[in-house]
file coords.cif (mmCIF, C-alpha atoms and all ligand atoms)
data_upload
#
loop_
_atom_site.group_PDB
_atom_site.id
_atom_site.type_symbol
_atom_site.label_atom_id
_atom_site.label_comp_id
_atom_site.auth_asym_id
_atom_site.auth_seq_id
_atom_site.Cartn_x
_atom_site.Cartn_y
_atom_site.Cartn_z
ATOM 1 C CA MET A 1 35.319 -71.274 -65.771
ATOM 2 C CA SER A 2 37.003 -72.566 -68.938
ATOM 3 C CA TYR A 3 35.471 -71.661 -72.278
ATOM 4 C CA ASP A 4 33.075 -74.274 -73.739
ATOM 5 C CA ASN A 5 33.929 -74.610 -77.438
ATOM 6 C CA GLU A 6 30.637 -76.413 -78.050
ATOM 7 C CA ASN A 7 28.361 -73.570 -76.892
ATOM 8 C CA ILE A 8 25.764 -72.355 -79.413
ATOM 9 C CA PHE A 9 27.491 -69.055 -80.195
ATOM 10 C CA ALA A 10 30.861 -70.782 -80.720
ATOM 11 C CA LYS A 11 29.106 -73.007 -83.266
ATOM 12 C CA ILE A 12 27.547 -69.954 -84.944
ATOM 13 C CA LEU A 13 30.987 -68.302 -85.112
ATOM 14 C CA ARG A 14 32.444 -71.440 -86.749
ATOM 15 C CA GLY A 15 29.542 -71.520 -89.238
ATOM 16 C CA GLU A 16 28.267 -74.843 -87.862
ATOM 17 C CA LEU A 17 24.901 -73.316 -86.934
ATOM 18 C CA PRO A 18 22.989 -70.631 -88.855
ATOM 19 C CA CYS A 19 22.183 -67.140 -87.644
ATOM 20 C CA LEU A 20 20.445 -64.076 -89.043
ATOM 21 C CA LYS A 21 23.508 -61.875 -89.276
ATOM 22 C CA VAL A 22 23.119 -58.089 -89.275
ATOM 23 C CA TYR A 23 26.765 -57.043 -88.790
ATOM 24 C CA GLU A 24 30.220 -58.623 -88.890
ATOM 25 C CA ASP A 25 33.812 -57.453 -88.780
ATOM 26 C CA ASP A 26 37.105 -59.061 -87.773
ATOM 27 C CA GLN A 27 36.325 -58.903 -84.033
ATOM 28 C CA THR A 28 32.532 -58.852 -83.806
ATOM 29 C CA LEU A 29 29.360 -60.592 -84.981
ATOM 30 C CA ALA A 30 25.797 -59.316 -84.488
ATOM 31 C CA PHE A 31 22.685 -61.373 -85.207
ATOM 32 C CA MET A 32 19.018 -61.638 -84.341
ATOM 33 C CA ASP A 33 18.024 -63.269 -81.051
ATOM 34 C CA ILE A 34 15.824 -66.265 -81.961
ATOM 35 C CA MET A 35 13.721 -65.824 -78.821
ATOM 36 C CA PRO A 36 13.372 -62.047 -78.956
ATOM 37 C CA GLN A 37 12.054 -60.171 -75.964
ATOM 38 C CA ALA A 38 10.837 -57.496 -78.414
ATOM 39 C CA THR A 39 10.897 -57.174 -82.206
ATOM 40 C CA GLY A 40 14.419 -56.256 -83.267
ATOM 41 C CA HIS A 41 16.170 -57.853 -80.263
ATOM 42 C CA THR A 42 19.763 -58.253 -81.462
ATOM 43 C CA LEU A 43 22.862 -59.870 -79.935
ATOM 44 C CA VAL A 44 26.385 -58.508 -80.320
ATOM 45 C CA ILE A 45 29.193 -60.963 -79.596
ATOM 46 C CA PRO A 46 32.979 -60.756 -79.627
ATOM 47 C CA LYS A 47 34.750 -63.335 -81.786
ATOM 48 C CA SER A 48 37.247 -64.040 -79.041
ATOM 49 C CA PRO A 49 36.365 -67.021 -76.834
ATOM 50 C CA ALA A 50 35.158 -65.242 -73.685
ATOM 51 C CA THR A 51 32.558 -66.786 -71.395
ATOM 52 C CA THR A 52 31.808 -63.593 -69.472
ATOM 53 C CA ILE A 53 32.906 -59.961 -69.553
ATOM 54 C CA PHE A 54 35.664 -60.872 -67.099
ATOM 55 C CA ASP A 55 37.302 -63.101 -69.719
ATOM 56 C CA LEU A 56 37.623 -60.326 -72.325
ATOM 57 C CA ASN A 57 40.834 -58.350 -72.393
ATOM 58 C CA ALA A 58 40.512 -54.566 -72.128
ATOM 59 C CA ALA A 59 41.207 -53.940 -75.822
ATOM 60 C CA ALA A 60 38.534 -56.445 -76.897
ATOM 61 C CA ALA A 61 36.067 -54.980 -74.397
ATOM 62 C CA ALA A 62 36.746 -51.463 -75.656
ATOM 63 C CA ASP A 63 36.266 -52.541 -79.270
ATOM 64 C CA LEU A 64 33.084 -54.410 -78.412
ATOM 65 C CA ILE A 65 31.347 -51.463 -76.761
ATOM 66 C CA VAL A 66 32.004 -49.358 -79.871
ATOM 67 C CA LYS A 67 30.354 -52.085 -81.993
ATOM 68 C CA VAL A 68 27.463 -52.337 -79.529
ATOM 69 C CA GLN A 69 26.929 -48.600 -79.923
ATOM 70 C CA LEU A 70 26.978 -48.948 -83.732
ATOM 71 C CA VAL A 71 24.479 -51.827 -83.764
ATOM 72 C CA ALA A 72 22.252 -50.223 -81.110
ATOM 73 C CA LYS A 73 22.014 -47.044 -83.187
ATOM 74 C CA ALA A 74 20.988 -49.113 -86.234
ATOM 75 C CA VAL A 75 18.412 -51.095 -84.224
ATOM 76 C CA LYS A 76 16.977 -47.864 -82.783
ATOM 77 C CA THR A 77 16.514 -46.317 -86.223
ATOM 78 C CA ALA A 78 15.383 -49.527 -87.936
ATOM 79 C CA MET A 79 12.780 -50.295 -85.265
ATOM 80 C CA ASN A 80 11.785 -46.651 -84.886
ATOM 81 C CA ALA A 81 12.347 -47.085 -81.147
ATOM 82 C CA ASP A 82 12.258 -44.219 -78.667
ATOM 83 C CA GLY A 83 14.703 -46.036 -76.430
ATOM 84 C CA ILE A 84 17.128 -48.947 -76.374
ATOM 85 C CA THR A 85 17.921 -51.222 -73.435
ATOM 86 C CA LEU A 86 21.400 -52.774 -73.357
ATOM 87 C CA PHE A 87 22.002 -55.697 -71.033
ATOM 88 C CA GLN A 88 24.661 -58.302 -70.525
ATOM 89 C CA LEU A 89 24.521 -61.286 -68.133
ATOM 90 C CA ASN A 90 27.574 -62.906 -66.536
ATOM 91 C CA GLY A 91 27.251 -66.382 -65.088
ATOM 92 C CA GLU A 92 24.347 -68.764 -64.590
ATOM 93 C CA SER A 93 23.394 -67.161 -61.316
ATOM 94 C CA ALA A 94 22.927 -63.882 -63.182
ATOM 95 C CA GLY A 95 20.677 -65.673 -65.689
ATOM 96 C CA GLN A 96 23.222 -66.203 -68.485
ATOM 97 C CA THR A 97 22.031 -69.109 -70.650
ATOM 98 C CA VAL A 98 24.684 -69.130 -73.409
ATOM 99 C CA PRO A 99 28.280 -69.205 -72.087
ATOM 100 C CA HIS A 100 29.787 -66.914 -74.717
ATOM 101 C CA MET A 101 29.859 -63.272 -73.696
ATOM 102 C CA HIS A 102 27.315 -61.057 -75.488
ATOM 103 C CA PHE A 103 25.384 -57.834 -75.263
ATOM 104 C CA HIS A 104 21.634 -57.749 -75.758
ATOM 105 C CA VAL A 105 20.314 -54.787 -77.773
ATOM 106 C CA LEU A 106 16.619 -54.496 -76.972
ATOM 107 C CA PRO A 107 14.455 -51.822 -78.617
ATOM 108 C CA ALA A 108 12.094 -51.741 -75.638
ATOM 109 C CA SER A 109 11.916 -51.330 -71.904
ATOM 110 C CA ILE A 110 12.940 -54.431 -69.961
ATOM 111 C CA ALA A 111 9.857 -53.808 -67.809
ATOM 112 C CA THR A 112 7.453 -54.389 -70.704
ATOM 113 C CA ALA A 113 9.560 -56.839 -72.763
ATOM 114 C CA ARG A 114 8.727 -60.528 -73.097
ATOM 115 C CA ALA A 115 10.397 -63.023 -70.750
ATOM 116 C CA HIS A 116 14.060 -63.863 -71.326
ATOM 117 C CA ALA A 117 14.821 -66.654 -73.854
ATOM 118 C CA SER A 118 11.297 -68.020 -73.629
ATOM 119 C CA GLU A 119 9.474 -67.915 -76.961
ATOM 120 C CA MET A 120 10.757 -68.707 -80.466
ATOM 121 C CA ALA A 121 10.153 -65.932 -82.984
ATOM 122 C CA ASP A 122 8.189 -66.282 -86.192
ATOM 123 C CA PRO A 123 11.023 -66.691 -88.759
ATOM 124 C CA LYS A 124 9.344 -64.210 -91.143
ATOM 125 C CA GLU A 125 9.173 -61.525 -88.441
ATOM 126 C CA LEU A 126 12.799 -62.172 -87.519
ATOM 127 C CA GLU A 127 13.922 -61.873 -91.134
ATOM 128 C CA SER A 128 11.986 -58.665 -91.747
ATOM 129 C CA ALA A 129 13.488 -57.046 -88.617
ATOM 130 C CA ALA A 130 16.963 -58.240 -89.716
ATOM 131 C CA LYS A 131 16.433 -56.714 -93.159
ATOM 132 C CA LEU A 132 15.582 -53.300 -91.670
ATOM 133 C CA ILE A 133 18.608 -53.420 -89.332
ATOM 134 C CA ARG A 134 20.968 -54.544 -92.121
ATOM 135 C CA ALA A 135 19.779 -51.623 -94.254
ATOM 136 C CA GLN A 136 20.888 -49.236 -91.483
ATOM 137 C CA LEU A 137 24.257 -50.991 -91.206
ATOM 138 C CA LYS A 138 24.552 -51.193 -95.000
ATOM 139 C CA ILE A 139 25.391 -54.889 -95.181
HETATM 140 P P1 LIG B 1 21.814 -65.023 -72.144
HETATM 141 O O1 LIG B 1 20.748 -65.711 -71.316
HETATM 142 O O2 LIG B 1 22.123 -63.616 -71.709
HETATM 143 O O3 LIG B 1 23.029 -65.908 -72.255
HETATM 144 O O4 LIG B 1 21.200 -64.839 -73.583
HETATM 145 C C1 LIG B 1 21.283 -65.804 -74.586
HETATM 146 C C2 LIG B 1 20.332 -65.370 -75.667
HETATM 147 O O5 LIG B 1 20.619 -66.148 -76.807
HETATM 148 C C3 LIG B 1 18.853 -65.559 -75.337
HETATM 149 O O6 LIG B 1 18.187 -64.312 -75.440
HETATM 150 C C4 LIG B 1 18.375 -66.568 -76.378
HETATM 151 O O7 LIG B 1 17.084 -66.284 -76.824
HETATM 152 C C5 LIG B 1 19.393 -66.410 -77.471
HETATM 153 N N1 LIG B 1 19.652 -67.576 -78.297
HETATM 154 C C6 LIG B 1 19.785 -68.869 -77.912
HETATM 155 N N2 LIG B 1 20.093 -69.637 -78.974
HETATM 156 C C7 LIG B 1 20.178 -68.813 -80.046
HETATM 157 C C8 LIG B 1 20.459 -69.010 -81.422
HETATM 158 N N3 LIG B 1 20.736 -70.220 -81.924
HETATM 159 N N4 LIG B 1 20.457 -67.929 -82.239
HETATM 160 C C9 LIG B 1 20.167 -66.701 -81.752
HETATM 161 N N5 LIG B 1 19.890 -66.458 -80.457
HETATM 162 C C10 LIG B 1 19.898 -67.489 -79.616
#

call {"tool": "encode", "arguments": {"input": "coords.cif", "output": "structure tokens"}}
result
Amino acid sequence: MSYDNENIFAKILRGELPCLKVYEDDQTLAFMDIMPQATGHTLVIPKSPATTIFDLNAAAAADLIVKVQLVAKAVKTAMNADGITLFQLNGESAGQTVPHMHFHVLPASIATARAHASEMADPKELESAAKLIRAQLKI
């Protein structure tokens, strides 16, 4: 499948749509999920235009997992979570709703988390979680 330049995360990367950023470097952006499945639910995306994990080259994939680890550690501490669930969906049939590859960092069990992409967060709650995560990542 060819990459859709008009997908929501492509627009966020171009600065055409806002996001609550918690981390950024030359290859990666991390921001709060606006329909969090638990407080602190964060997304980590590569800047390269990959629809699924299969579209990322090995070097970009290797870099991304290091950044996922960094952000997940910050989310775990910031949210005082005992555990972190990482998940990553590839293709509509797997439930992927935004066609730009990303990892979900969820400070909860998937079994008890809210439904996927279902309920908009209270902006104040989202901002306060972002603030705690940013403090861990020192941005
Ligand atoms: P997936 O279904 O794995 O593609 O996940 C896409 C995620 O992006 C869902 O958890 C949505 O809640 C989230 N999402 C959709 N639009 C936005 C947005 N504008 N900013 C932040 N998160 C978003």

call {"tool": "resolve_selection", "arguments": {"input": "coords.cif", "expression": "the PyMOL selection byres (((chain A and resi 116-118) around 9) and not hetatm)", "output": "ChimeraX atom specification"}}
result
/A:33-37,95,97,113-115,119-120

call {"tool": "resolve_selection", "arguments": {"input": "coords.cif", "expression": "the PyMOL selection byres (((not hetatm)) within 10 of (chain B and resi 1))", "output": "ChimeraX atom specification"}}
result
/A:7-9,11-12,17-21,30-37,41-43,51-52,87-92,94-104,115-121

call {"tool": "closest_residue", "arguments": {"input": "coords.cif", "among": "A:Ile110, A:Pro46, A:Val71, A:Leu132", "to": "Ala59 in chain A", "atoms": "only C-alpha atoms"}}
result
A:Pro46

call {"tool": "residues_around", "arguments": {"input": "coords.cif", "residues": "Glu125 in chain A", "least_positions_apart": "6", "cutoff": "10 Å", "atoms": "only C-alpha atoms", "output": "number ranges by chain"}}
result
A: 39-40, 131

call {"tool": "closest_residue", "arguments": {"input": "coords.cif", "among": "A:Ile53, A:Ala38, A:Val44, A:Gly83", "to": "Gln69 in chain A", "atoms": "all atoms listed in the file"}}
result
A:Val44

call {"tool": "residues_near_point", "arguments": {"input": "coords.cif", "point": "(39.1, -61.7, -81.5)", "cutoff": "8 Å", "atoms": "all atoms listed in the file", "output": "ChimeraX atom specification"}}
result
/A:26-28,46-49,60

call {"tool": "closest_residue", "arguments": {"input": "coords.cif", "among": "A:Ala10, A:Ala61, A:Ile139, A:Ala129", "to": "Thr77 in chain A", "atoms": "only C-alpha atoms"}}
result
A:Ala129

call {"tool": "closest_residue", "arguments": {"input": "coords.cif", "among": "A:Gln136, A:Ser128, A:Asn5, A:Ser109", "to": "Ala74 in chain A", "atoms": "all atoms listed in the file"}}
result
A:Gln136

call {"tool": "axis_aligned_box", "arguments": {"input": "coords.cif", "around": "range 63-68 of chain A", "padding_each_side": "3 Å", "output": "JSON"}}
result
{"center_x": 31.9, "center_y": -51.9, "center_z": -79.4, "size_x": 14.8, "size_y": 11.1, "size_z": 11.2}

call {"tool": "atom_distance", "arguments": {"input": "coords.cif", "atom1": "CA of Ile45 in chain A", "atom2": "CA of Pro123 in chain A"}}
result
21.1 Å

call {"tool": "resolve_selection", "arguments": {"input": "coords.cif", "expression": "the PyMOL selection byres (((chain A and resi 85) around 6) and not hetatm)", "output": "PyMOL selection string"}}
result
chain A and resi 84+86+106

call {"tool": "closest_residue", "arguments": {"input": "coords.cif", "among": "A:Glu16, A:Ala50, A:Leu126, A:Val22", "to": "Ser2 in chain A", "atoms": "all atoms listed in the file"}}
result
A:Ala50

call {"tool": "atom_distance", "arguments": {"input": "coords.cif", "atom1": "CA of Leu137 in chain A", "atom2": "CA of Tyr23 in chain A"}}
result
7.0 Å

call {"tool": "atom_distance", "arguments": {"input": "coords.cif", "atom1": "CA of Leu70 in chain A", "atom2": "CA of Ala130 in chain A"}}
result
14.9 Å

call {"tool": "build_atoms", "arguments": {"input": "coords.cif", "residues": "range 26-37 of chain A", "atoms": "all heavy atoms", "output": "short mmCIF file (atom, residue, chain, number, x, y, z; two decimals), keeping the file's coordinate frame"}}
result
data_model
loop_
_atom_site.label_atom_id
_atom_site.label_comp_id
_atom_site.auth_asym_id
_atom_site.auth_seq_id
_atom_site.Cartn_x
_atom_site.Cartn_y
_atom_site.Cartn_z
N ASP A 26 36.10 -58.08 -88.20
CA ASP A 26 37.10 -59.06 -87.77
C ASP A 26 36.98 -59.45 -86.30
O ASP A 26 37.41 -60.54 -85.91
CB ASP A 26 38.53 -58.56 -88.11
CG ASP A 26 38.83 -57.21 -87.49
OD1 ASP A 26 37.87 -56.47 -87.15
OD2 ASP A 26 40.01 -56.89 -87.31
N GLN A 27 36.38 -58.60 -85.47
CA GLN A 27 36.33 -58.90 -84.03
C GLN A 27 34.93 -59.16 -83.50
O GLN A 27 34.78 -59.57 -82.34
CB GLN A 27 36.92 -57.73 -83.25
CG GLN A 27 38.40 -57.54 -83.49
CD GLN A 27 39.00 -56.56 -82.49
OE1 GLN A 27 39.00 -56.82 -81.29
NE2 GLN A 27 39.49 -55.44 -82.96
N THR A 28 33.90 -58.89 -84.33
CA THR A 28 32.53 -58.85 -83.81
C THR A 28 31.54 -59.50 -84.76
O THR A 28 31.69 -59.40 -85.98
CB THR A 28 32.08 -57.37 -83.66
OG1 THR A 28 33.15 -56.61 -83.12
CG2 THR A 28 30.85 -57.23 -82.79
N LEU A 29 30.49 -60.10 -84.19
CA LEU A 29 29.36 -60.59 -84.98
C LEU A 29 28.08 -60.14 -84.28
O LEU A 29 28.00 -60.21 -83.04
CB LEU A 29 29.40 -62.13 -85.06
CG LEU A 29 28.27 -62.81 -85.85
CD1 LEU A 29 28.37 -62.50 -87.35
CD2 LEU A 29 28.32 -64.32 -85.64
N ALA A 30 27.10 -59.67 -85.06
CA ALA A 30 25.80 -59.32 -84.49
C ALA A 30 24.72 -60.04 -85.28
O ALA A 30 24.78 -60.12 -86.51
CB ALA A 30 25.58 -57.81 -84.54
N PHE A 31 23.74 -60.59 -84.56
CA PHE A 31 22.68 -61.37 -85.21
C PHE A 31 21.42 -61.30 -84.37
O PHE A 31 21.44 -60.90 -83.20
CB PHE A 31 23.15 -62.83 -85.43
CG PHE A 31 23.65 -63.54 -84.20
CD1 PHE A 31 22.81 -64.30 -83.41
CD2 PHE A 31 25.00 -63.43 -83.81
CE1 PHE A 31 23.28 -64.95 -82.27
CE2 PHE A 31 25.47 -64.08 -82.67
CZ PHE A 31 24.60 -64.84 -81.91
N MET A 32 20.31 -61.72 -85.01
CA MET A 32 19.02 -61.64 -84.34
C MET A 32 18.89 -62.71 -83.25
O MET A 32 19.28 -63.87 -83.46
CB MET A 32 17.86 -61.82 -85.35
CG MET A 32 17.87 -60.87 -86.52
SD MET A 32 18.08 -59.14 -86.06
CE MET A 32 16.56 -58.83 -85.16
N ASP A 33 18.34 -62.31 -82.12
CA ASP A 33 18.02 -63.27 -81.05
C ASP A 33 16.82 -64.10 -81.50
O ASP A 33 15.80 -63.53 -81.91
CB ASP A 33 17.72 -62.50 -79.75
CG ASP A 33 17.70 -63.42 -78.54
OD1 ASP A 33 16.95 -64.42 -78.55
OD2 ASP A 33 18.41 -63.13 -77.57
N ILE A 34 16.93 -65.43 -81.46
CA ILE A 34 15.82 -66.26 -81.96
C ILE A 34 14.65 -66.35 -80.99
O ILE A 34 13.59 -66.83 -81.35
CB ILE A 34 16.23 -67.71 -82.36
CG1 ILE A 34 17.04 -68.39 -81.28
CG2 ILE A 34 16.89 -67.77 -83.70
CD1 ILE A 34 17.12 -69.90 -81.47
N MET A 35 14.85 -65.91 -79.76
CA MET A 35 13.72 -65.82 -78.82
C MET A 35 13.64 -64.37 -78.34
O MET A 35 13.92 -64.06 -77.17
CB MET A 35 13.92 -66.79 -77.65
CG MET A 35 13.79 -68.25 -78.06
SD MET A 35 14.20 -69.40 -76.73
CE MET A 35 15.95 -69.66 -77.03
N PRO A 36 13.28 -63.49 -79.26
CA PRO A 36 13.37 -62.05 -78.96
C PRO A 36 12.41 -61.61 -77.84
O PRO A 36 11.28 -62.06 -77.80
CB PRO A 36 13.01 -61.39 -80.28
CG PRO A 36 12.18 -62.39 -81.01
CD PRO A 36 12.70 -63.73 -80.59
N GLN A 37 12.90 -60.72 -77.03
CA GLN A 37 12.05 -60.17 -75.96
C GLN A 37 11.23 -59.00 -76.48
O GLN A 37 10.31 -58.54 -75.83
CB GLN A 37 12.92 -59.80 -74.76
CG GLN A 37 13.51 -61.05 -74.10
CD GLN A 37 14.38 -60.75 -72.92
OE1 GLN A 37 15.58 -61.01 -72.93
NE2 GLN A 37 13.80 -60.20 -71.87
#
